[in-house]
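*Asks:* Here it is, the structure in full.
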Amino acid sequence: MAIHDDLPPFLLGFPGELRDQLVAAVLSGAKTTTTGLLEEYEREGEPLPEPGGRAALMDSAGQPLAVLELTEVRVLRLADVELRHALHEGEGYASVAEWRASHEGFWHSPDLRAAMGDPRFTVHDDTMVVTQRFRLVQDGI
């Protein structure tokens, strides 16, 4: 049994170019945080991740590439995400406004709206998000 077989998958974005870029940023060490919507966890009936938990970072083909360990998990309003978190997302954001504009573009995309089952889904200041900080535990699994 491989080390990752009993680990939940750690999925970034949807399969394709975006996921490939995000996975590369994690593997390079540039990306150590990520943000999801609390509503996604609730809709899927998934428990929130917990600090100390481990997960297998998955590529677009569904293959595990690395083991990550969560070091911090917070639930907060979208308007309360701070610069430190945005910078550590590893995507070159220089401000919270830039980070938010990029994330709103993703959260308002047809793919995400389809996944949410709401063609008019939108986020606002009071939308609850789940921020996660992680560290790379094992690469090349």
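Quick note on naming: the chains in the structure tokens go A, B, ... in the order shown, residues restart at 1 in each chain, and ligands are numbered from 1 in order of appearance.
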Which residues are near Gly52 (chain A)? Cut-off 7 Å, only C-alpha atoms, ignore same chain within fewer than 6 positions. Put them as a PyMOL selection string.

*Replies:* chain A and resi 69-71

*Asks:* For His88 (chain A), find every residue with an atom within 10 Å (counting only C-alpha atoms), except residues of its own chain fewer than 5 positions away, and show them as a ChimeraX atom specification.

*Replies:* /A:29-34,83,93,133

*Asks:* Could the residues in this selection be saved with N, CA and C atoms as a compact mmCIF listing (two decimals), in the first residue's frame?

*Replies:*
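Saved to selection27.txt:
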```txt
# COMPACT_ATOMS: atom_id res chain seq x y z
N GLY A 29 7.27 25.38 -3.63
CA GLY A 29 7.33 26.04 -2.33
C GLY A 29 6.74 27.43 -2.32
N ALA A 30 6.33 27.93 -3.48
CA ALA A 30 5.76 29.28 -3.57
C ALA A 30 4.37 29.37 -2.96
N LYS A 31 3.60 28.30 -3.05
CA LYS A 31 2.22 28.29 -2.57
C LYS A 31 2.14 27.49 -1.28
N THR A 32 1.76 28.17 -0.20
CA THR A 32 1.61 27.50 1.10
C THR A 32 0.25 27.77 1.73
N THR A 33 -0.64 28.44 0.99
CA THR A 33 -2.01 28.67 1.47
C THR A 33 -2.97 28.49 0.30
N THR A 34 -4.22 28.27 0.65
CA THR A 34 -5.28 28.19 -0.34
C THR A 34 -6.59 28.60 0.33
N LEU A 83 -3.57 40.25 3.95
CA LEU A 83 -2.50 40.26 2.96
C LEU A 83 -1.55 39.07 3.10
N TYR A 93 0.20 37.63 -6.18
CA TYR A 93 -0.65 38.74 -5.77
C TYR A 93 0.16 39.75 -4.97
N ARG A 133 -3.51 26.76 5.51
CA ARG A 133 -2.05 26.88 5.39
C ARG A 133 -1.51 25.45 5.48
```

*Asks:* Could you write out, as a PyMOL selection string, all the residues of chain A that DSSP marks as strand (DSSP E or B)?

*Replies:* chain A and resi 9-10+33-37+54-58+64-77+128-139

*Asks:* Report as an mmCIF file with N, CA, C and O atoms, in the first residue's frame: the residues of region 1-118 of chain A with a DSSP assignment of alpha helix (DSSP H), based on the backbone of this structure.

*Replies:*
```
data_model
loop_
_atom_site.group_PDB
_atom_site.id
_atom_site.type_symbol
_atom_site.label_atom_id
_atom_site.label_comp_id
_atom_site.auth_asym_id
_atom_site.auth_seq_id
_atom_site.Cartn_x
_atom_site.Cartn_y
_atom_site.Cartn_z
ATOM 1 N N GLU A 17 -5.334 23.606 -16.853
ATOM 2 C CA GLU A 17 -4.232 24.556 -16.742
ATOM 3 C C GLU A 17 -4.119 25.190 -15.358
ATOM 4 O O GLU A 17 -3.027 25.285 -14.799
ATOM 5 N N LEU A 18 -5.244 25.614 -14.782
ATOM 6 C CA LEU A 18 -5.189 26.252 -13.469
ATOM 7 C C LEU A 18 -4.655 25.286 -12.415
ATOM 8 O O LEU A 18 -3.748 25.630 -11.656
ATOM 9 N N ARG A 19 -5.195 24.077 -12.362
ATOM 10 C CA ARG A 19 -4.699 23.115 -11.372
ATOM 11 C C ARG A 19 -3.215 22.846 -11.581
ATOM 12 O O ARG A 19 -2.451 22.793 -10.625
ATOM 13 N N ASP A 20 -2.810 22.690 -12.820
ATOM 14 C CA ASP A 20 -1.396 22.415 -13.098
ATOM 15 C C ASP A 20 -0.509 23.545 -12.577
ATOM 16 O O ASP A 20 0.554 23.293 -12.001
ATOM 17 N N GLN A 21 -0.944 24.790 -12.764
ATOM 18 C CA GLN A 21 -0.169 25.935 -12.277
ATOM 19 C C GLN A 21 -0.118 25.952 -10.754
ATOM 20 O O GLN A 21 0.935 26.201 -10.160
ATOM 21 N N LEU A 22 -1.255 25.686 -10.120
ATOM 22 C CA LEU A 22 -1.317 25.711 -8.660
ATOM 23 C C LEU A 22 -0.479 24.590 -8.053
ATOM 24 O O LEU A 22 0.236 24.797 -7.069
ATOM 25 N N VAL A 23 -0.555 23.410 -8.636
ATOM 26 C CA VAL A 23 0.240 22.275 -8.148
ATOM 27 C C VAL A 23 1.733 22.590 -8.293
ATOM 28 O O VAL A 23 2.519 22.334 -7.371
ATOM 29 N N ALA A 24 2.118 23.164 -9.421
ATOM 30 C CA ALA A 24 3.524 23.526 -9.618
ATOM 31 C C ALA A 24 3.979 24.538 -8.568
ATOM 32 O O ALA A 24 5.102 24.453 -8.056
ATOM 33 N N ALA A 25 3.094 25.477 -8.221
ATOM 34 C CA ALA A 25 3.438 26.476 -7.196
ATOM 35 C C ALA A 25 3.613 25.817 -5.831
ATOM 36 O O ALA A 25 4.504 26.198 -5.066
ATOM 37 N N VAL A 26 2.792 24.814 -5.516
ATOM 38 C CA VAL A 26 2.949 24.086 -4.258
ATOM 39 C C VAL A 26 4.282 23.343 -4.254
ATOM 40 O O VAL A 26 5.055 23.422 -3.296
ATOM 41 N N LEU A 27 4.558 22.636 -5.329
ATOM 42 C CA LEU A 27 5.774 21.827 -5.386
ATOM 43 C C LEU A 27 7.042 22.679 -5.355
ATOM 44 O O LEU A 27 8.073 22.242 -4.851
ATOM 45 N N SER A 28 6.951 23.905 -5.866
ATOM 46 C CA SER A 28 8.114 24.806 -5.849
ATOM 47 C C SER A 28 8.303 25.470 -4.493
ATOM 48 O O SER A 28 9.339 26.093 -4.247
ATOM 49 N N LEU A 38 -16.797 27.924 2.205
ATOM 50 C CA LEU A 38 -17.439 27.100 3.232
ATOM 51 C C LEU A 38 -18.657 26.400 2.647
ATOM 52 O O LEU A 38 -18.911 25.226 2.936
ATOM 53 N N GLU A 39 -19.383 27.091 1.788
ATOM 54 C CA GLU A 39 -20.589 26.512 1.192
ATOM 55 C C GLU A 39 -20.289 25.244 0.397
ATOM 56 O O GLU A 39 -21.114 24.325 0.356
ATOM 57 N N GLU A 40 -19.116 25.158 -0.204
ATOM 58 C CA GLU A 40 -18.758 23.935 -0.933
ATOM 59 C C GLU A 40 -18.669 22.746 0.017
ATOM 60 O O GLU A 40 -19.138 21.648 -0.304
ATOM 61 N N TYR A 41 -18.055 22.932 1.160
ATOM 62 C CA TYR A 41 -17.973 21.854 2.160
ATOM 63 C C TYR A 41 -19.375 21.455 2.613
ATOM 64 O O TYR A 41 -19.685 20.261 2.726
ATOM 65 N N GLU A 42 -20.202 22.450 2.874
ATOM 66 C CA GLU A 42 -21.556 22.177 3.354
ATOM 67 C C GLU A 42 -22.384 21.445 2.307
ATOM 68 O O GLU A 42 -23.080 20.478 2.623
ATOM 69 N N ARG A 43 -22.303 21.874 1.056
ATOM 70 C CA ARG A 43 -23.078 21.230 -0.023
ATOM 71 C C ARG A 43 -22.664 19.775 -0.228
ATOM 72 O O ARG A 43 -23.476 18.931 -0.555
ATOM 73 N N GLU A 44 -21.362 19.517 -0.082
ATOM 74 C CA GLU A 44 -20.845 18.165 -0.312
ATOM 75 C C GLU A 44 -20.875 17.311 0.952
ATOM 76 O O GLU A 44 -20.500 16.142 0.915
ATOM 77 N N LEU A 83 -3.566 40.247 3.952
ATOM 78 C CA LEU A 83 -2.501 40.260 2.957
ATOM 79 C C LEU A 83 -1.554 39.067 3.101
ATOM 80 O O LEU A 83 -1.159 38.467 2.103
ATOM 81 N N ARG A 84 -1.198 38.709 4.316
ATOM 82 C CA ARG A 84 -0.280 37.581 4.532
ATOM 83 C C ARG A 84 -0.795 36.324 3.833
ATOM 84 O O ARG A 84 -0.038 35.611 3.164
ATOM 85 N N HIS A 85 -2.080 36.045 3.988
ATOM 86 C CA HIS A 85 -2.660 34.867 3.350
ATOM 87 C C HIS A 85 -2.585 34.998 1.826
ATOM 88 O O HIS A 85 -2.181 34.059 1.136
ATOM 89 N N ALA A 86 -2.984 36.155 1.319
ATOM 90 C CA ALA A 86 -2.991 36.374 -0.130
ATOM 91 C C ALA A 86 -1.596 36.193 -0.725
ATOM 92 O O ALA A 86 -1.439 35.547 -1.770
ATOM 93 N N LEU A 87 -0.591 36.742 -0.076
ATOM 94 C CA LEU A 87 0.783 36.620 -0.578
ATOM 95 C C LEU A 87 1.243 35.176 -0.604
ATOM 96 O O LEU A 87 1.931 34.742 -1.535
ATOM 97 N N HIS A 88 0.852 34.398 0.402
ATOM 98 C CA HIS A 88 1.303 33.007 0.507
ATOM 99 C C HIS A 88 0.534 32.058 -0.405
ATOM 100 O O HIS A 88 0.870 30.880 -0.473
ATOM 101 N N VAL A 96 -4.477 42.384 -1.340
ATOM 102 C CA VAL A 96 -5.685 41.605 -1.075
ATOM 103 C C VAL A 96 -6.699 41.848 -2.187
ATOM 104 O O VAL A 96 -7.392 40.922 -2.619
ATOM 105 N N ALA A 97 -6.776 43.085 -2.682
ATOM 106 C CA ALA A 97 -7.727 43.396 -3.765
ATOM 107 C C ALA A 97 -7.429 42.570 -5.013
ATOM 108 O O ALA A 97 -8.346 42.051 -5.659
ATOM 109 N N GLU A 98 -6.156 42.423 -5.345
ATOM 110 C CA GLU A 98 -5.759 41.618 -6.509
ATOM 111 C C GLU A 98 -6.109 40.146 -6.271
ATOM 112 O O GLU A 98 -6.635 39.471 -7.158
ATOM 113 N N TRP A 99 -5.799 39.654 -5.072
ATOM 114 C CA TRP A 99 -6.134 38.275 -4.718
ATOM 115 C C TRP A 99 -7.640 38.052 -4.835
ATOM 116 O O TRP A 99 -8.093 37.073 -5.413
ATOM 117 N N ARG A 100 -8.425 38.984 -4.279
ATOM 118 C CA ARG A 100 -9.870 38.827 -4.284
ATOM 119 C C ARG A 100 -10.431 38.863 -5.702
ATOM 120 O O ARG A 100 -11.295 38.047 -6.043
ATOM 121 N N ALA A 101 -9.953 39.772 -6.537
ATOM 122 C CA ALA A 101 -10.444 39.846 -7.920
ATOM 123 C C ALA A 101 -10.197 38.529 -8.649
ATOM 124 O O ALA A 101 -11.072 38.026 -9.367
ATOM 125 N N SER A 102 -9.027 37.949 -8.454
ATOM 126 C CA SER A 102 -8.714 36.675 -9.095
ATOM 127 C C SER A 102 -9.632 35.564 -8.581
ATOM 128 O O SER A 102 -10.171 34.773 -9.365
ATOM 129 N N HIS A 103 -9.828 35.503 -7.269
ATOM 130 C CA HIS A 103 -10.684 34.466 -6.696
ATOM 131 C C HIS A 103 -12.145 34.659 -7.089
ATOM 132 O O HIS A 103 -12.852 33.684 -7.359
ATOM 133 N N GLU A 104 -12.595 35.891 -7.137
ATOM 134 C CA GLU A 104 -13.977 36.131 -7.587
ATOM 135 C C GLU A 104 -14.151 35.673 -9.027
ATOM 136 O O GLU A 104 -15.193 35.126 -9.390
ATOM 137 N N GLY A 105 -13.131 35.886 -9.857
ATOM 138 C CA GLY A 105 -13.206 35.398 -11.233
ATOM 139 C C GLY A 105 -13.413 33.898 -11.282
ATOM 140 O O GLY A 105 -14.210 33.381 -12.067
ATOM 141 N N PHE A 106 -12.709 33.168 -10.406
ATOM 142 C CA PHE A 106 -12.872 31.715 -10.338
ATOM 143 C C PHE A 106 -14.233 31.350 -9.761
ATOM 144 O O PHE A 106 -14.952 30.510 -10.305
ATOM 145 N N TRP A 107 -14.612 31.976 -8.644
ATOM 146 C CA TRP A 107 -15.861 31.636 -7.973
ATOM 147 C C TRP A 107 -17.092 32.030 -8.784
ATOM 148 O O TRP A 107 -18.164 31.478 -8.579
ATOM 149 N N PRO A 110 -18.332 29.863 -14.939
ATOM 150 C CA PRO A 110 -19.372 28.879 -15.268
ATOM 151 C C PRO A 110 -19.105 27.509 -14.628
ATOM 152 O O PRO A 110 -20.041 26.851 -14.177
ATOM 153 N N ASP A 111 -17.835 27.082 -14.579
ATOM 154 C CA ASP A 111 -17.516 25.773 -13.992
ATOM 155 C C ASP A 111 -17.873 25.715 -12.508
ATOM 156 O O ASP A 111 -18.466 24.747 -12.043
ATOM 157 N N LEU A 112 -17.487 26.754 -11.763
ATOM 158 C CA LEU A 112 -17.777 26.752 -10.327
ATOM 159 C C LEU A 112 -19.275 26.891 -10.087
ATOM 160 O O LEU A 112 -19.848 26.213 -9.242
ATOM 161 N N ARG A 113 -19.916 27.765 -10.864
ATOM 162 C CA ARG A 113 -21.363 27.928 -10.703
ATOM 163 C C ARG A 113 -22.091 26.621 -11.001
ATOM 164 O O ARG A 113 -23.055 26.276 -10.314
ATOM 165 N N ALA A 114 -21.611 25.876 -11.994
ATOM 166 C CA ALA A 114 -22.219 24.569 -12.295
ATOM 167 C C ALA A 114 -21.994 23.611 -11.129
ATOM 168 O O ALA A 114 -22.904 22.881 -10.723
ATOM 169 N N ALA A 115 -20.791 23.602 -10.581
ATOM 170 C CA ALA A 115 -20.490 22.727 -9.444
ATOM 171 C C ALA A 115 -21.337 23.095 -8.229
ATOM 172 O O ALA A 115 -21.720 22.224 -7.445
ATOM 173 N N MET A 116 -21.642 24.367 -8.074
ATOM 174 C CA MET A 116 -22.465 24.835 -6.954
ATOM 175 C C MET A 116 -23.958 24.616 -7.228
ATOM 176 O O MET A 116 -24.768 24.750 -6.325
#
```

*Asks:* Any idea what the distance is between CA of Val130 (chain A) and CA of Leu7 (chain A)?

*Replies:*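 Here the two named atoms are 19.6 Å from each other.
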
*Asks:* To one decimal place in Å, what is the distance between CA of Phe121 (chain A) and CA of Ser109 (chain A)?

*Replies:*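 Separation between CA of Phe121 (chain A) and CA of Ser109 (chain A): 9.1 Å.
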
*Asks:* Compile the contact shell of Asp125 (chain A) as a list in words: residues with an atom at most 12 Å away, counting only C-alpha atoms, same-chain residues fewer than 2 positions apart removed.

*Replies:* Leu76, Arg77, Leu78, Ala79, Asp80, Val81, Ala97, Arg100, Glu104, Thr122, Val123, Thr127, Met128 and Val129 of chain A

*Asks:* Nearest residue to Gln63 (chain A) out of A:Gly140, A:Ser95, A:Asp6, A:Gly36, using only C-alpha atoms?

*Replies:* A:Gly140
